[in-house]
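To start, the structure itself, in structure tokens.
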Amino acid sequence: MQKSAYKTKQQELLLSYLSKMQGKHFTAEEIRAHFEAKKISIGIATIYRQLEKLVSEGKIQKYFIDENSAACFEYAGEECRANEKHFHLKCELCGRLIHLECDHLEELGGHLKAEHGFVINPLRTVFYGLCSECASKEGENE
């Protein structure tokens, strides 16, 4: 008989919150702020510890967008999409991180490998620019 993992109330609250965030990116600080706003006390160290545990269990994916930003995470449920090929778009105004799955970028990856001998890592590739919402606002201000 296999022993079930010990679960605390904080773990349950965190998993419940993360399951509602499926497909979205978040940082440990955003999680802390969410619970603080709800007057629920979960320390940042506990959040980081639980996030790292979930990464090791394959339930969330951890991303490092750049050296100036905190690591962000994405909840993928019971089956982590760690090997799924997708790129990221990062809005330079609002900071939003967007998944980009595009066959044209796979073609670009093929070209870079064949013509330049370079293999890109789609999980760590980020394109910087403006999201459609911020681009619209920028257009209004010109």
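In the structure tokens, each chain is lettered A, B, ... as it comes, each chain's residues begin at 1, and ligands are numbered from 1 in order of appearance.
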Out of chain A, which residues get alpha helix (DSSP H) from DSSP, as a PyMOL selection string? chain A and resi 9-20+28-37+44-57+103-116+132-141
Which residues are close to Ile120 (chain A), i.e. within 7 Å by only C-alpha atoms, leaving aside same-chain residues fewer than 2 positions away? Reply as number ranges by chain. A: 109, 118, 122
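Excluding Thr125 (chain A) itself and same-chain residues fewer than 5 positions from it, the residues having an atom within 9 Å of it are A:Ile65, A:His86, A:Phe87, A:His88, A:Leu89, A:Ile120, counting only C-alpha atoms.
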So that I have them on file, write out the residues from the current selection with C-alpha atoms, as a tab-separated table (two decimals), in the first residue's frame.
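Okay, again.tsv is ready:
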chain	number	residue	atom	x	y	z
A	65	ILE	CA	12.06	35.24	-18.95
A	86	HIS	CA	5.88	27.12	-27.60
A	87	PHE	CA	7.45	30.54	-27.55
A	88	HIS	CA	6.58	33.52	-25.38
A	89	LEU	CA	5.70	37.11	-26.15
A	120	ILE	CA	16.76	27.36	-30.41
Write down as a list in words the residues belonging to chain A that are assigned strand (DSSP E) by DSSP computed on the backbone. His25, Phe26, Ile60, Gln61, Lys62, Tyr63, Cys72, Phe73, Glu74, Tyr75, Phe87, His88, Leu89, Lys90, Cys91, Leu97, Ile98, His99, Leu100, Val126, Phe127, Tyr128 and Gly129 of chain A
The selected residues should be written to file as a PDB file, in the first residue's frame (atoms: N, CA and C atoms).
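Result written to part.pdb:
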ATOM      1  N   HIS A  25       0.291  32.608 -16.653  1.00  0.00           N
ATOM      2  CA  HIS A  25       1.581  32.728 -15.979  1.00  0.00           C
ATOM      3  C   HIS A  25       1.406  33.536 -14.696  1.00  0.00           C
ATOM      4  N   PHE A  26       2.192  33.205 -13.681  1.00  0.00           N
ATOM      5  CA  PHE A  26       2.114  33.904 -12.405  1.00  0.00           C
ATOM      6  C   PHE A  26       3.457  33.809 -11.711  1.00  0.00           C
ATOM      7  N   ILE A  60       3.621  21.933 -12.534  1.00  0.00           N
ATOM      8  CA  ILE A  60       3.755  23.287 -13.055  1.00  0.00           C
ATOM      9  C   ILE A  60       5.080  23.408 -13.792  1.00  0.00           C
ATOM     10  N   GLN A  61       5.144  24.365 -14.676  1.00  0.00           N
ATOM     11  CA  GLN A  61       6.350  24.658 -15.436  1.00  0.00           C
ATOM     12  C   GLN A  61       6.923  25.971 -14.933  1.00  0.00           C
ATOM     13  N   LYS A  62       8.235  26.040 -14.818  1.00  0.00           N
ATOM     14  CA  LYS A  62       8.910  27.246 -14.344  1.00  0.00           C
ATOM     15  C   LYS A  62       9.642  27.884 -15.520  1.00  0.00           C
ATOM     16  N   TYR A  63       9.495  29.202 -15.655  1.00  0.00           N
ATOM     17  CA  TYR A  63      10.126  29.939 -16.739  1.00  0.00           C
ATOM     18  C   TYR A  63      10.994  31.063 -16.178  1.00  0.00           C
ATOM     19  N   CYS A  72       8.652  32.947 -13.396  1.00  0.00           N
ATOM     20  CA  CYS A  72       7.202  32.808 -13.419  1.00  0.00           C
ATOM     21  C   CYS A  72       6.871  31.340 -13.641  1.00  0.00           C
ATOM     22  N   PHE A  73       5.659  31.009 -13.331  1.00  0.00           N
ATOM     23  CA  PHE A  73       5.214  29.633 -13.335  1.00  0.00           C
ATOM     24  C   PHE A  73       3.925  29.526 -14.129  1.00  0.00           C
ATOM     25  N   GLU A  74       3.650  28.299 -14.567  1.00  0.00           N
ATOM     26  CA  GLU A  74       2.383  28.024 -15.228  1.00  0.00           C
ATOM     27  C   GLU A  74       1.892  26.673 -14.744  1.00  0.00           C
ATOM     28  N   TYR A  75       0.663  26.651 -14.263  1.00  0.00           N
ATOM     29  CA  TYR A  75       0.054  25.405 -13.797  1.00  0.00           C
ATOM     30  C   TYR A  75      -0.468  24.644 -15.000  1.00  0.00           C
ATOM     31  N   PHE A  87       6.634  29.371 -27.805  1.00  0.00           N
ATOM     32  CA  PHE A  87       7.448  30.543 -27.548  1.00  0.00           C
ATOM     33  C   PHE A  87       6.650  31.473 -26.642  1.00  0.00           C
ATOM     34  N   HIS A  88       7.273  32.542 -26.217  1.00  0.00           N
ATOM     35  CA  HIS A  88       6.582  33.525 -25.383  1.00  0.00           C
ATOM     36  C   HIS A  88       6.726  34.910 -25.986  1.00  0.00           C
ATOM     37  N   LEU A  89       5.700  35.695 -25.786  1.00  0.00           N
ATOM     38  CA  LEU A  89       5.698  37.112 -26.147  1.00  0.00           C
ATOM     39  C   LEU A  89       5.598  37.882 -24.835  1.00  0.00           C
ATOM     40  N   LYS A  90       6.433  38.887 -24.665  1.00  0.00           N
ATOM     41  CA  LYS A  90       6.414  39.686 -23.428  1.00  0.00           C
ATOM     42  C   LYS A  90       6.139  41.131 -23.800  1.00  0.00           C
ATOM     43  N   CYS A  91       5.037  41.671 -23.268  1.00  0.00           N
ATOM     44  CA  CYS A  91       4.696  43.069 -23.532  1.00  0.00           C
ATOM     45  C   CYS A  91       5.594  43.965 -22.686  1.00  0.00           C
ATOM     46  N   LEU A  97       2.737  38.163 -20.226  1.00  0.00           N
ATOM     47  CA  LEU A  97       3.455  37.093 -20.893  1.00  0.00           C
ATOM     48  C   LEU A  97       2.435  36.238 -21.631  1.00  0.00           C
ATOM     49  N   ILE A  98       2.656  36.040 -22.914  1.00  0.00           N
ATOM     50  CA  ILE A  98       1.679  35.369 -23.770  1.00  0.00           C
ATOM     51  C   ILE A  98       2.332  34.152 -24.403  1.00  0.00           C
ATOM     52  N   HIS A  99       1.630  33.011 -24.392  1.00  0.00           N
ATOM     53  CA  HIS A  99       2.094  31.820 -25.102  1.00  0.00           C
ATOM     54  C   HIS A  99       1.910  32.039 -26.595  1.00  0.00           C
ATOM     55  N   LEU A 100       2.842  31.560 -27.369  1.00  0.00           N
ATOM     56  CA  LEU A 100       2.733  31.649 -28.821  1.00  0.00           C
ATOM     57  C   LEU A 100       3.069  30.290 -29.410  1.00  0.00           C
ATOM     58  N   VAL A 126      11.922  34.299 -25.942  1.00  0.00           N
ATOM     59  CA  VAL A 126      10.941  35.347 -25.654  1.00  0.00           C
ATOM     60  C   VAL A 126      11.093  36.457 -26.687  1.00  0.00           C
ATOM     61  N   PHE A 127       9.984  36.864 -27.276  1.00  0.00           N
ATOM     62  CA  PHE A 127       9.956  38.006 -28.179  1.00  0.00           C
ATOM     63  C   PHE A 127       9.360  39.187 -27.418  1.00  0.00           C
ATOM     64  N   TYR A 128      10.045  40.310 -27.457  1.00  0.00           N
ATOM     65  CA  TYR A 128       9.603  41.503 -26.741  1.00  0.00           C
ATOM     66  C   TYR A 128       8.937  42.472 -27.712  1.00  0.00           C
ATOM     67  N   GLY A 129       7.905  43.129 -27.241  1.00  0.00           N
ATOM     68  CA  GLY A 129       7.179  44.103 -28.045  1.00  0.00           C
ATOM     69  C   GLY A 129       5.967  44.583 -27.279  1.00  0.00           C
TER      70      GLY A 129
END
Report as a ChimeraX atom specification all protein, DNA and RNA residues lying within 10 Å of Cys134 (chain A), evaluated on only C-alpha atoms, omitting residues in the same chain fewer than 4 positions from it. /A:91-94,129-130,138-140
Could you dump the residues just selected with N, CA and C atoms as a tab-separated table (two decimals), in the first residue's frame?
chain	number	residue	atom	x	y	z
A	91	CYS	N	5.04	41.67	-23.27
A	91	CYS	CA	4.70	43.07	-23.53
A	91	CYS	C	5.59	43.96	-22.69
A	92	GLU	N	6.24	44.89	-23.35
A	92	GLU	CA	7.17	45.79	-22.67
A	92	GLU	C	6.46	46.88	-21.88
A	93	LEU	N	5.17	47.07	-22.10
A	93	LEU	CA	4.44	48.09	-21.33
A	93	LEU	C	3.72	47.49	-20.12
A	94	CYS	N	2.88	46.50	-20.35
A	94	CYS	CA	2.09	45.96	-19.23
A	94	CYS	C	2.74	44.75	-18.58
A	129	GLY	N	7.90	43.13	-27.24
A	129	GLY	CA	7.18	44.10	-28.05
A	129	GLY	C	5.97	44.58	-27.28
A	130	LEU	N	4.90	44.90	-28.00
A	130	LEU	CA	3.66	45.38	-27.38
A	130	LEU	C	2.52	44.42	-27.67
A	138	GLU	N	-1.02	52.85	-27.47
A	138	GLU	CA	0.10	53.62	-28.01
A	138	GLU	C	-0.34	54.37	-29.27
A	139	GLY	N	-1.13	53.71	-30.11
A	139	GLY	CA	-1.63	54.33	-31.34
A	139	GLY	C	-2.53	55.51	-31.06
A	140	GLU	N	-3.30	55.44	-29.97
A	140	GLU	CA	-4.19	56.53	-29.57
A	140	GLU	C	-3.38	57.75	-29.10
Among the residues A:Leu15, A:Ala33, A:Ala71, A:Ala28, the one that comes closest to Ile47 (chain A) [using only C-alpha atoms]: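 Residue with the minimum atom-to-atom distance to Ile47 (chain A): A:Ala28.
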